[in-house]
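As provided, target.pdb (PDB, C-alpha atoms, pLDDT in the B column) reads as follows.
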```
ATOM      1  CA  MET C  61     -28.851  15.904   8.076  1.00 82.00           C
ATOM      2  CA  GLU C  62     -27.534  13.011  10.169  1.00 88.00           C
ATOM      3  CA  LYS C  63     -29.643  10.580   8.130  1.00 95.00           C
ATOM      4  CA  PHE C  64     -28.085  11.906   4.903  1.00 96.00           C
ATOM      5  CA  ILE C  65     -24.574  11.516   6.335  1.00 93.00           C
ATOM      6  CA  LEU C  66     -25.303   7.961   7.441  1.00 95.00           C
ATOM      7  CA  ILE C  67     -26.695   7.024   4.018  1.00 97.00           C
ATOM      8  CA  TYR C  68     -23.661   8.615   2.346  1.00 97.00           C
ATOM      9  CA  LEU C  69     -21.227   6.713   4.589  1.00 97.00           C
ATOM     10  CA  LEU C  70     -23.029   3.437   3.946  1.00 98.00           C
ATOM     11  CA  CYS C  71     -22.910   4.011   0.170  1.00 98.00           C
ATOM     12  CA  ILE C  72     -19.251   5.055   0.049  1.00 98.00           C
ATOM     13  CA  SER C  73     -18.340   2.152   2.329  1.00 98.00           C
ATOM     14  CA  LEU C  74     -20.082  -0.294   0.015  1.00 98.00           C
ATOM     15  CA  ILE C  75     -18.320   1.223  -2.999  1.00 98.00           C
ATOM     16  CA  ALA C  76     -14.940   1.048  -1.228  1.00 98.00           C
ATOM     17  CA  ALA C  77     -15.483  -2.606  -0.332  1.00 98.00           C
ATOM     18  CA  VAL C  78     -16.563  -3.480  -3.893  1.00 98.00           C
ATOM     19  CA  TYR C  79     -13.520  -1.744  -5.405  1.00 98.00           C
ATOM     20  CA  THR C  80     -11.204  -3.519  -2.964  1.00 98.00           C
ATOM     21  CA  ILE C  81     -12.707  -6.898  -3.829  1.00 98.00           C
ATOM     22  CA  ALA C  82     -12.574  -6.076  -7.559  1.00 98.00           C
ATOM     23  CA  ASP C  83      -8.884  -5.196  -7.257  1.00 98.00           C
ATOM     24  CA  LYS C  84      -8.198  -8.519  -5.532  1.00 97.00           C
ATOM     25  CA  ILE C  85     -10.003 -10.422  -8.302  1.00 97.00           C
ATOM     26  CA  LYS C  86      -8.136  -8.478 -10.994  1.00 97.00           C
ATOM     27  CA  ALA C  87      -4.823  -9.165  -9.237  1.00 96.00           C
ATOM     28  CA  LYS C  88      -5.507 -12.906  -9.250  1.00 96.00           C
ATOM     29  CA  ARG C  89      -6.435 -12.813 -12.947  1.00 97.00           C
ATOM     30  CA  GLY C  90      -3.475 -10.634 -13.883  1.00 96.00           C
ATOM     31  CA  THR C  91      -5.703  -8.047 -15.557  1.00 97.00           C
ATOM     32  CA  TRP C  92      -5.896  -4.259 -15.318  1.00 95.00           C
ATOM     33  CA  ARG C  93      -5.980  -3.182 -11.645  1.00 96.00           C
ATOM     34  CA  VAL C  94      -7.789  -0.501  -9.715  1.00 97.00           C
ATOM     35  CA  PRO C  95      -5.286   2.360  -9.288  1.00 98.00           C
ATOM     36  CA  GLU C  96      -4.004   2.777  -5.734  1.00 97.00           C
ATOM     37  CA  ALA C  97      -4.951   6.448  -5.932  1.00 98.00           C
ATOM     38  CA  THR C  98      -8.576   5.401  -6.462  1.00 98.00           C
ATOM     39  CA  LEU C  99      -8.499   3.153  -3.413  1.00 98.00           C
ATOM     40  CA  PHE C 100      -7.026   5.940  -1.289  1.00 98.00           C
ATOM     41  CA  LEU C 101      -9.561   8.446  -2.643  1.00 98.00           C
ATOM     42  CA  LEU C 102     -12.454   6.163  -1.729  1.00 98.00           C
ATOM     43  CA  SER C 103     -10.922   5.814   1.701  1.00 98.00           C
ATOM     44  CA  LEU C 104     -10.581   9.582   2.102  1.00 98.00           C
ATOM     45  CA  LEU C 105     -14.171  10.087   0.970  1.00 98.00           C
ATOM     46  CA  GLY C 106     -15.407   8.025   3.911  1.00 97.00           C
ATOM     47  CA  GLY C 107     -14.895   4.389   2.972  1.00 98.00           C
ATOM     48  CA  SER C 108     -11.772   3.902   5.085  1.00 98.00           C
ATOM     49  CA  VAL C 109     -13.214   1.626   7.772  1.00 98.00           C
ATOM     50  CA  ALA C 110     -14.998  -0.618   5.267  1.00 98.00           C
ATOM     51  CA  MET C 111     -11.903  -0.763   3.079  1.00 98.00           C
ATOM     52  CA  TYR C 112      -9.640  -1.635   6.006  1.00 98.00           C
ATOM     53  CA  ILE C 113     -11.970  -4.400   7.184  1.00 98.00           C
ATOM     54  CA  THR C 114     -12.377  -5.732   3.639  1.00 98.00           C
ATOM     55  CA  MET C 115      -8.613  -5.717   3.069  1.00 98.00           C
ATOM     56  CA  HIS C 116      -8.158  -7.924   6.122  1.00 98.00           C
ATOM     57  CA  LEU C 117     -11.086 -10.207   5.336  1.00 98.00           C
ATOM     58  CA  ILE C 118      -9.876 -10.971   1.811  1.00 98.00           C
ATOM     59  CA  ARG C 119      -6.146 -10.590   2.626  1.00 96.00           C
ATOM     60  CA  HIS C 120      -5.557  -7.934   0.033  1.00 96.00           C
ATOM     61  CA  LYS C 121      -2.890  -5.200   0.285  1.00 95.00           C
ATOM     62  CA  THR C 122      -2.063  -6.350   3.818  1.00 96.00           C
ATOM     63  CA  LYS C 123       1.640  -6.663   2.974  1.00 96.00           C
ATOM     64  CA  HIS C 124       1.773  -3.131   1.573  1.00 96.00           C
ATOM     65  CA  LEU C 125       2.938  -0.703   4.255  1.00 97.00           C
ATOM     66  CA  ARG C 126       1.435   2.160   2.279  1.00 97.00           C
ATOM     67  CA  PHE C 127      -2.015   0.693   2.905  1.00 98.00           C
ATOM     68  CA  MET C 128      -1.447  -0.798   6.354  1.00 97.00           C
ATOM     69  CA  ILE C 129      -0.245   2.580   7.627  1.00 98.00           C
ATOM     70  CA  GLY C 130      -2.119   4.899   5.261  1.00 98.00           C
ATOM     71  CA  ILE C 131      -5.653   3.634   5.767  1.00 98.00           C
ATOM     72  CA  PRO C 132      -5.462   3.679   9.604  1.00 98.00           C
ATOM     73  CA  LEU C 133      -3.999   7.204   9.402  1.00 98.00           C
ATOM     74  CA  ILE C 134      -6.938   8.254   7.252  1.00 98.00           C
ATOM     75  CA  ILE C 135      -9.302   6.725   9.819  1.00 98.00           C
ATOM     76  CA  LEU C 136      -7.583   8.707  12.594  1.00 98.00           C
ATOM     77  CA  LEU C 137      -7.783  11.874  10.509  1.00 97.00           C
ATOM     78  CA  GLN C 138     -11.486  11.315   9.939  1.00 97.00           C
ATOM     79  CA  ILE C 139     -12.079  10.726  13.651  1.00 97.00           C
ATOM     80  CA  GLY C 140     -10.194  13.951  14.365  1.00 97.00           C
ATOM     81  CA  VAL C 141     -12.371  15.876  11.918  1.00 96.00           C
ATOM     82  CA  VAL C 142     -15.563  14.489  13.483  1.00 94.00           C
ATOM     83  CA  VAL C 143     -14.355  15.360  16.994  1.00 96.00           C
ATOM     84  CA  ALA C 144     -13.337  18.865  15.891  1.00 96.00           C
ATOM     85  CA  LEU C 145     -16.711  19.434  14.242  1.00 93.00           C
ATOM     86  CA  LYS C 146     -18.528  18.222  17.354  1.00 92.00           C
ATOM     87  CA  ILE C 147     -16.529  20.699  19.455  1.00 95.00           C
ATOM     88  CA  LEU C 148     -17.034  23.604  17.039  1.00 93.00           C
ATOM     89  CA  LEU C 149     -20.716  23.015  16.343  1.00 85.00           C
TER
END
```
Could you show the structure in this file as structure tokens?
Amino acid sequence: MEKFILIYLLCISLIAAVYTIADKIKAKRGTWRVPEATLFLLSLLGGSVAMYITMHLIRHKTKHLRFMIGIPLIILLQIGVVVALKILL
């Protein structure tokens, strides 16, 4: 089960990073953007750490408080869920 979870987290992290980079490229080109809701959903689904790191590496969305506060809050929520599950199980 742990192997499946690790594979899932690696996949969703890769997807989150790719979508973040794609949004940055689209922003530079002035074309259709990745909806913010999609970025937050990918973060909630487990890609939050990868997205946060990618955002800083490519300097994308770092001036948006919604992302600079929201993504770390999601990370904290996810840590809380993991800790709670460890205690309960």
Length of the atom CA of C:Phe64 to atom CA of C:Leu136 vector [Å]: 22.1 Å
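Atom CA of C:Ile135 is positioned 6.7 Å from atom CA of C:Val109.
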Output of the PyMOL selection byres ((chain C and resi 110-118) around 12), listed as a ChimeraX atom specification: /C:69-85,98-109,119-124,127-135
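Here atom CA of C:Leu137 stands at a distance of 19.0 Å from atom CA of C:Glu96.
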Could you work out an axis-aligned box for stretch 71-89 of chain C, taking every atom the file lists and adding 6 Å on each side, and report centre and edge lengths in Å to one decimal, as JSON?
```
{"center_x": -13.9, "center_y": -3.9, "center_z": -5.3, "size_x": 30.1, "size_y": 30.0, "size_z": 27.3}
```
